[in-house]
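This is input_20.cif. It holds mmCIF, C-alpha atoms and all ligand atoms.
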data_run
loop_
_atom_site.label_atom_id
_atom_site.label_comp_id
_atom_site.auth_asym_id
_atom_site.auth_seq_id
_atom_site.Cartn_x
_atom_site.Cartn_y
_atom_site.Cartn_z
CA MET A 234 3.24 8.84 15.27
CA ASN A 235 5.16 5.60 15.95
CA GLU A 236 8.94 5.62 15.68
CA VAL A 237 10.45 5.76 12.19
CA VAL A 238 13.34 3.60 11.00
CA PHE A 239 15.14 3.87 7.63
CA VAL A 240 16.89 0.74 6.34
CA THR A 241 19.19 0.89 3.29
CA GLY A 242 19.60 -2.10 0.97
CA ALA A 243 16.24 -3.49 2.06
CA ASP A 244 15.27 -5.71 -0.88
CA HIS A 245 16.55 -8.97 0.63
CA GLY A 246 18.96 -10.40 3.20
CA LEU A 247 19.50 -8.62 6.50
CA GLY A 248 17.92 -5.34 5.32
CA TYR A 249 14.65 -7.01 4.40
CA ALA A 250 14.62 -8.99 7.66
CA LEU A 251 15.11 -5.79 9.69
CA CYS A 252 12.22 -4.11 7.85
CA GLU A 253 9.92 -7.05 8.51
CA LYS A 254 10.85 -7.22 12.22
CA TYR A 255 10.45 -3.47 12.80
CA LEU A 256 7.08 -3.49 11.02
CA GLY A 257 6.06 -6.36 13.31
CA LEU A 258 6.90 -4.14 16.29
CA GLY A 259 4.67 -1.32 15.02
CA PHE A 260 7.37 0.98 13.62
CA HIS A 261 6.99 3.07 10.49
CA VAL A 262 9.62 1.72 8.09
CA ALA A 263 11.24 3.49 5.15
CA ALA A 264 12.88 0.79 3.02
CA GLY A 265 15.67 1.81 0.64
CA LYS A 266 15.11 -0.17 -2.59
CA TYR A 267 18.16 -0.63 -4.83
CA PRO A 268 16.92 -2.95 -7.62
CA GLU A 269 14.49 -1.49 -10.17
CA ASN A 270 11.76 -3.92 -9.12
CA SER A 271 11.47 -5.45 -5.70
CA VAL A 272 8.92 -8.25 -5.49
CA ASN A 273 9.82 -8.80 -1.83
CA LEU A 274 9.13 -5.23 -0.76
CA ALA A 275 6.00 -5.00 -2.94
CA GLU A 276 4.61 -8.10 -1.16
CA LEU A 277 5.53 -6.64 2.24
CA LYS A 278 3.74 -3.41 1.33
CA LYS A 279 0.53 -5.43 0.84
CA VAL A 280 0.78 -6.57 4.47
CA TYR A 281 1.71 -3.12 5.87
CA PRO A 282 0.23 -0.59 3.42
CA ASP A 283 0.16 2.25 5.97
CA ARG A 284 3.51 1.78 7.71
CA LEU A 285 5.92 0.73 4.95
CA GLU A 286 7.31 3.33 2.55
CA ILE A 287 9.45 1.97 -0.29
CA ILE A 288 12.01 4.52 -1.46
CA SER A 289 14.37 4.08 -4.43
CA LEU A 290 17.94 4.44 -3.21
CA ASP A 291 21.45 3.92 -4.55
CA VAL A 292 23.76 4.83 -1.67
CA SER A 293 26.70 5.21 -4.07
CA SER A 294 25.02 8.22 -5.71
CA THR A 295 24.67 11.57 -3.93
CA ASP A 296 21.76 12.55 -6.22
CA SER A 297 19.95 9.32 -5.39
CA VAL A 298 20.42 9.87 -1.64
CA LYS A 299 19.12 13.46 -1.98
CA ASN A 300 16.09 12.25 -3.99
CA ALA A 301 15.43 9.60 -1.37
CA TYR A 302 15.53 12.30 1.31
CA SER A 303 12.94 14.39 -0.59
CA CYS A 304 10.64 11.34 -0.74
CA PHE A 305 11.30 10.63 2.94
CA THR A 306 10.57 14.15 4.17
CA GLY A 307 7.39 14.18 2.05
CA LYS A 308 6.09 11.45 4.38
CA PHE A 309 7.95 11.79 7.67
CA SER A 310 8.94 14.75 9.83
CA ARG A 311 11.52 12.80 11.81
CA LEU A 312 13.85 9.81 11.72
CA ASP A 313 14.45 7.79 14.89
CA ILE A 314 16.81 5.05 13.66
CA LEU A 315 18.97 5.07 10.53
CA ILE A 316 20.29 1.60 9.63
CA ASN A 317 23.11 1.71 7.08
CA ASN A 318 22.85 -1.87 5.91
CA ALA A 319 23.53 -1.74 2.15
CA GLY A 320 26.82 -3.41 1.29
CA ILE A 321 28.66 -5.23 -1.46
CA LEU A 322 31.50 -7.73 -1.33
CA GLY A 323 33.50 -6.76 -4.39
CA ASP A 324 36.32 -9.03 -5.53
CA ILE A 325 37.57 -11.39 -2.80
CA HIS A 326 39.89 -13.53 -4.91
CA LYS A 327 42.73 -11.35 -6.21
CA THR A 328 45.90 -11.40 -4.13
CA ILE A 329 48.86 -9.04 -4.12
CA TYR A 330 50.43 -11.25 -6.82
CA ASP A 331 47.54 -10.55 -9.24
CA GLU A 332 46.67 -7.46 -11.25
CA ILE A 333 44.34 -5.64 -8.88
CA ASP A 334 41.04 -4.23 -10.15
CA TYR A 335 41.06 -0.75 -8.60
CA ASP A 336 37.70 0.20 -10.10
CA ASP A 337 36.14 -2.71 -8.23
CA ILE A 338 37.71 -1.50 -4.97
CA ILE A 339 36.49 2.05 -5.59
CA ARG A 340 32.93 0.73 -6.25
CA THR A 341 33.08 -1.18 -2.97
CA PHE A 342 34.18 1.94 -1.06
CA GLN A 343 31.43 3.95 -2.78
CA VAL A 344 28.79 1.64 -1.32
CA ASN A 345 30.26 0.38 1.98
CA SER A 346 32.09 3.47 3.27
CA LEU A 347 30.79 6.53 1.43
CA GLY A 348 27.19 5.26 1.26
CA PRO A 349 26.67 5.54 5.04
CA LEU A 350 28.48 8.91 5.08
CA ARG A 351 26.15 10.25 2.35
CA MET A 352 23.14 8.97 4.25
CA VAL A 353 24.12 10.71 7.50
CA ASN A 354 25.17 13.86 5.65
CA VAL A 355 21.78 14.19 3.94
CA PHE A 356 19.40 12.66 6.53
CA LEU A 357 20.91 14.43 9.59
CA PRO A 358 18.19 17.12 9.96
CA SER A 359 15.48 14.44 10.23
CA LEU A 360 17.65 12.34 12.52
CA LEU A 361 18.16 15.29 14.87
CA ASN A 362 14.35 15.65 14.99
CA GLY A 363 13.98 12.02 16.07
CA SER A 364 13.54 10.74 19.61
CA ARG A 365 16.35 8.13 19.59
CA LYS A 366 18.85 9.80 17.25
CA LEU A 367 20.39 6.38 16.62
CA ILE A 368 22.65 5.42 13.72
CA VAL A 369 23.30 1.70 13.22
CA ASN A 370 26.15 0.96 10.85
CA ILE A 371 26.36 -2.62 9.60
CA SER A 372 30.09 -3.27 9.41
CA SER A 373 31.76 -6.69 9.53
CA GLU A 374 34.40 -8.55 11.52
CA ALA A 375 36.35 -8.25 8.26
CA GLY A 376 36.85 -4.55 9.06
CA SER A 377 38.65 -5.27 12.34
CA ILE A 378 42.36 -4.49 11.96
CA GLY A 379 43.08 -6.02 15.39
CA ASN A 380 41.59 -9.37 14.33
CA CYS A 381 42.90 -9.35 10.76
CA PHE A 382 43.75 -12.84 9.45
CA ARG A 383 42.94 -12.46 5.73
CA LYS A 384 45.54 -11.74 3.07
CA ASN A 385 43.25 -10.22 0.46
CA TRP A 386 39.55 -9.17 0.18
CA PHE A 387 41.08 -5.69 -0.27
CA GLY A 388 37.95 -3.69 -1.15
CA TYR A 389 35.61 -5.26 1.39
CA THR A 390 37.91 -5.33 4.43
CA MET A 391 39.37 -1.87 3.87
CA SER A 392 35.96 -0.33 3.14
CA LYS A 393 34.55 -1.73 6.39
CA SER A 394 37.59 -0.43 8.37
CA ALA A 395 36.89 2.96 6.80
CA LEU A 396 33.25 2.68 7.89
CA ASN A 397 34.47 2.01 11.43
CA MET A 398 36.66 5.13 11.42
CA GLU A 399 33.81 7.15 9.93
CA SER A 400 31.55 5.97 12.78
CA ALA A 401 34.09 7.16 15.37
CA LEU A 402 34.40 10.56 13.68
CA LEU A 403 30.63 11.00 13.51
CA GLN A 404 30.22 9.92 17.13
CA ASN A 405 32.78 12.55 18.22
CA GLU A 406 31.02 15.28 16.24
CA LEU A 407 27.42 14.38 17.04
CA ARG A 408 27.64 13.18 20.64
CA ASP A 409 26.65 16.52 22.10
CA LYS A 410 23.57 16.57 19.86
CA GLY A 411 22.42 13.33 21.52
CA VAL A 412 23.26 11.12 18.50
CA ARG A 413 24.48 7.58 19.27
CA ILE A 414 26.18 5.23 16.84
CA LEU A 415 26.38 1.44 16.99
CA LEU A 416 28.60 -0.68 14.75
CA PHE A 417 27.75 -4.32 14.10
CA HIS A 418 29.34 -7.43 12.78
CA PRO A 419 25.98 -9.06 12.06
CA GLY A 420 27.27 -12.65 11.91
CA TRP A 421 27.92 -14.94 8.96
CA MET A 422 24.50 -14.96 7.30
CA ARG A 423 22.70 -17.08 4.73
CA THR A 424 22.23 -14.25 2.22
CA MET A 425 23.00 -13.33 -1.39
CA MET A 426 26.21 -11.40 -0.63
CA GLU A 427 28.28 -13.71 -2.82
CA GLY A 428 25.81 -13.45 -5.72
CA LYS A 429 23.93 -16.62 -4.78
CA LEU A 430 22.42 -17.89 -1.54
CA ASN A 431 25.24 -18.89 0.80
CA GLU A 432 23.94 -22.24 2.09
CA ASN A 433 27.06 -22.75 4.26
CA ALA A 434 26.47 -19.74 6.47
CA PRO A 435 25.08 -20.67 9.90
CA THR A 436 22.83 -17.67 10.60
CA LEU A 437 19.53 -16.77 8.98
CA PRO A 438 19.13 -13.04 8.32
CA GLU A 439 15.95 -13.10 10.42
CA GLU A 440 17.96 -14.42 13.40
CA ALA A 441 20.66 -11.78 12.87
CA ALA A 442 18.00 -9.05 12.67
CA GLU A 443 16.42 -10.17 15.95
CA ARG A 444 19.81 -10.19 17.65
CA ILE A 445 20.65 -6.73 16.31
CA MET A 446 17.39 -5.41 17.75
CA TYR A 447 18.17 -7.12 21.07
CA HIS A 448 21.65 -5.54 21.13
CA ILE A 449 20.28 -2.11 20.18
CA ASP A 450 18.26 -2.33 23.37
CA LYS A 451 21.10 -3.81 25.44
CA PHE A 452 23.56 -1.08 24.40
CA ARG A 453 21.01 1.73 24.95
CA ASP A 454 23.01 3.28 27.82
CA TYR A 455 26.52 2.46 26.53
CA LYS A 456 28.89 5.18 27.69
CA GLY A 457 32.20 4.50 25.85
CA ASP A 458 33.89 7.26 23.87
CA LEU A 459 34.01 5.14 20.71
CA PRO A 460 30.89 3.54 19.24
CA PRO A 461 30.57 -0.07 20.42
CA TYR A 462 31.72 -2.42 17.63
CA ILE A 463 29.44 -5.30 18.49
CA ASN A 464 29.87 -8.93 17.51
CA ASN A 465 26.21 -9.82 17.03
CA ASP A 466 26.92 -13.54 17.56
CA THR A 467 28.33 -13.10 21.07
CA GLY A 468 27.45 -9.59 22.23
CA GLU A 469 31.18 -8.91 22.77
CA ILE A 470 33.04 -5.82 21.60
CA LEU A 471 35.40 -6.43 18.67
CA PRO A 472 38.88 -4.90 18.53
CA TRP A 473 39.17 -2.02 16.07
N1 LIG B 501 26.28 -11.99 4.77
C1 LIG B 501 27.23 -12.00 5.72
O1 LIG B 501 27.65 -13.05 6.19
C2 LIG B 501 27.74 -10.69 6.27
C3 LIG B 501 28.78 -10.73 7.19
C4 LIG B 501 29.26 -9.53 7.72
C5 LIG B 501 28.69 -8.33 7.33
N2 LIG B 501 27.67 -8.31 6.42
C6 LIG B 501 27.10 -7.03 6.06
O2 LIG B 501 25.69 -7.07 6.25
C7 LIG B 501 25.03 -6.14 5.36
C8 LIG B 501 23.89 -6.83 4.65
O3 LIG B 501 24.41 -7.85 3.85
P1 LIG B 501 23.57 -9.14 3.37
O4 LIG B 501 24.35 -10.31 3.76
O5 LIG B 501 22.14 -9.01 3.76
O6 LIG B 501 23.78 -9.00 1.78
P2 LIG B 501 22.77 -8.91 0.56
O7 LIG B 501 21.72 -9.97 0.70
O8 LIG B 501 23.62 -8.89 -0.65
O9 LIG B 501 22.07 -7.50 0.81
C9 LIG B 501 22.72 -6.28 0.55
C10 LIG B 501 21.68 -5.30 0.03
O10 LIG B 501 22.33 -4.07 -0.34
C11 LIG B 501 21.85 -3.71 -1.64
N3 LIG B 501 22.77 -2.83 -2.35
C12 LIG B 501 23.84 -3.15 -3.12
N4 LIG B 501 24.39 -2.03 -3.65
C13 LIG B 501 23.63 -0.99 -3.23
C14 LIG B 501 23.67 0.40 -3.45
N5 LIG B 501 24.59 0.96 -4.25
N6 LIG B 501 22.73 1.18 -2.86
C15 LIG B 501 21.79 0.63 -2.07
N7 LIG B 501 21.67 -0.69 -1.83
C16 LIG B 501 22.60 -1.49 -2.40
C17 LIG B 501 21.68 -5.04 -2.33
O11 LIG B 501 20.92 -4.93 -3.52
P3 LIG B 501 21.16 -5.99 -4.73
O12 LIG B 501 21.52 -7.30 -4.15
O13 LIG B 501 19.85 -6.00 -5.45
O14 LIG B 501 22.28 -5.44 -5.54
C18 LIG B 501 20.98 -5.83 -1.24
O15 LIG B 501 19.61 -5.54 -1.17
C19 LIG B 501 26.15 -5.64 4.41
O16 LIG B 501 26.59 -4.36 4.83
C20 LIG B 501 27.26 -6.66 4.59
O17 LIG B 501 28.55 -6.12 4.33
C21 LIG B 501 27.19 -9.46 5.88
#
As structure tokens, how would this structure be written, given the file I've shared?
Ligand SMILES: NC(=O)c1ccc[n+]([C@@H]2O[C@H](COP(=O)([O-])OP(=O)(O)OC[C@H]3O[C@@H](n4cnc5c(N)ncnc54)[C@H](OP(=O)(O)O)[C@@H]3O)[C@@H](O)[C@H]2O)c1
Amino acid sequence: MNEVVFVTGADHGLGYALCEKYLGLGFHVAAGKYPENSVNLAELKKVYPDRLEIISLDVSSTDSVKNAYSCFTGKFSRLDILINNAGILGDIHKTIYDEIDYDDIIRTFQVNSLGPLRMVNVFLPSLLNGSRKLIVNISSEAGSIGNCFRKNWFGYTMSKSALNMESALLQNELRDKGVRILLFHPGWMRTMMEGKLNENAPTLPEEAAERIMYHIDKFRDYKGDLPPYINNDTGEILPW
């Protein structure tokens, strides 16, 4: 069987673009579908009926991740690449002078930080059966403490920093099992992250997806102790 990749948050934006590109390369793709109905993925399934599996998935729910794993293992005996792409922005306007919405921050952590942890926790047996044993965590430059210039975006920035730490912990634990982890700032993309299409962003999700796949190949033999935290625009390593 061809290699198998699982992409979370695959209905649109970067996740959808990664699914389309991997299908084009001949991969089997399991696409995590968050909205009830996904016209995009249903149309893609018409093009790739045998190699695309659409799986309902809310990464903020442990039950949903476990159900998704049951569906996945019903079809596939192994997972080669897990791409933790699903993410939300949360509130980016409140400053320290405002009344902070802690529930919003917790929701953002549930998706951006704990979502990838749930996915690895539950999908690990299949990942260890895979040939590549690769985890790709889509972070953001906003999670870099070393490069921090913002004064707010509390939920998003802190949840991505937590994802970065989580990636380092998992790399330490799973290295001797042959698992490798890559962290990406995918670039500023023309997607729906802010609730509507961001026309000002310079990068199309399809371009970002192609560059991520290029960098996955380029960093194949990366030997650092920490996962590389890759700026997808430049190929450089970001400060933690
Ligand atoms: N756009 C940028 O410029 C940018 C920059 C840096 C990093 N990133 C990161 O890149 C990744 C992809 O973002 P994008 O720009 O493609 O955004 P997007 O178009 O909003 O896509 C995010 C996807 O995640 C899904 N999702 C939301 N909550 C979920 C949940 N609980 N469980 C599973 N899926 C869920 C969304 O579904 P719904 O939309 O239907 O809710 C959507 O399909 C994110 O991790 C983001 O933080 C983006």
Which protein, DNA or RNA residues have an atom within 7 Å of ligand LIG 501 (chain B), counting only C-alpha atoms and all ligand atoms, as a VMD selection string? chain A and resid 241 to 248 265 to 268 290 to 293 318 to 322 344 to 345 371 to 374 418 to 426 434 438
Selection: 10 Å around Cys381 of chain A, only C-alpha atoms, excl. self and same-chain fewer than 6 positions, as a VMD selection string: chain A and resid 374 to 375 390 472 to 473
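Atom pair atom CA of Gln343 of chain A / atom CA of Ser377 of chain A: separated by 19.1 Å.
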Can you tell me, as an NGL selection string, what residues are no more than 7 Å from segment 357-359 of chain A when counting all atoms listed in the file, ignoring any on the same chain fewer than 3 positions away? :A and (310-312 or 353-354 or 362-363)
Once you have the residues from the selection above, write them out as an mmCIF file, keeping the file's coordinate frame, restricted to C-alpha atoms.
data_model
loop_
_atom_site.group_PDB
_atom_site.id
_atom_site.type_symbol
_atom_site.label_atom_id
_atom_site.label_comp_id
_atom_site.auth_asym_id
_atom_site.auth_seq_id
_atom_site.Cartn_x
_atom_site.Cartn_y
_atom_site.Cartn_z
ATOM 1 C CA SER A 310 8.940 14.750 9.830
ATOM 2 C CA ARG A 311 11.520 12.800 11.810
ATOM 3 C CA LEU A 312 13.850 9.810 11.720
ATOM 4 C CA VAL A 353 24.120 10.710 7.500
ATOM 5 C CA ASN A 354 25.170 13.860 5.650
ATOM 6 C CA ASN A 362 14.350 15.650 14.990
ATOM 7 C CA GLY A 363 13.980 12.020 16.070
#
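One finds atom CA of Leu285 of chain A at 15.5 Å from atom CA of Tyr302 of chain A.
Near (16.0, -8.2, 13.9), the residues inside the 10 Å limit, counting all atoms listed in the file, come to Leu247, Gly248, Tyr249, Ala250, Leu251, Cys252, Glu253, Lys254, Tyr255, Pro438, Glu439, Glu440, Ala441, Ala442, Glu443, Arg444, Ile445, Met446, Tyr447, His448 and Ile449 of chain A.
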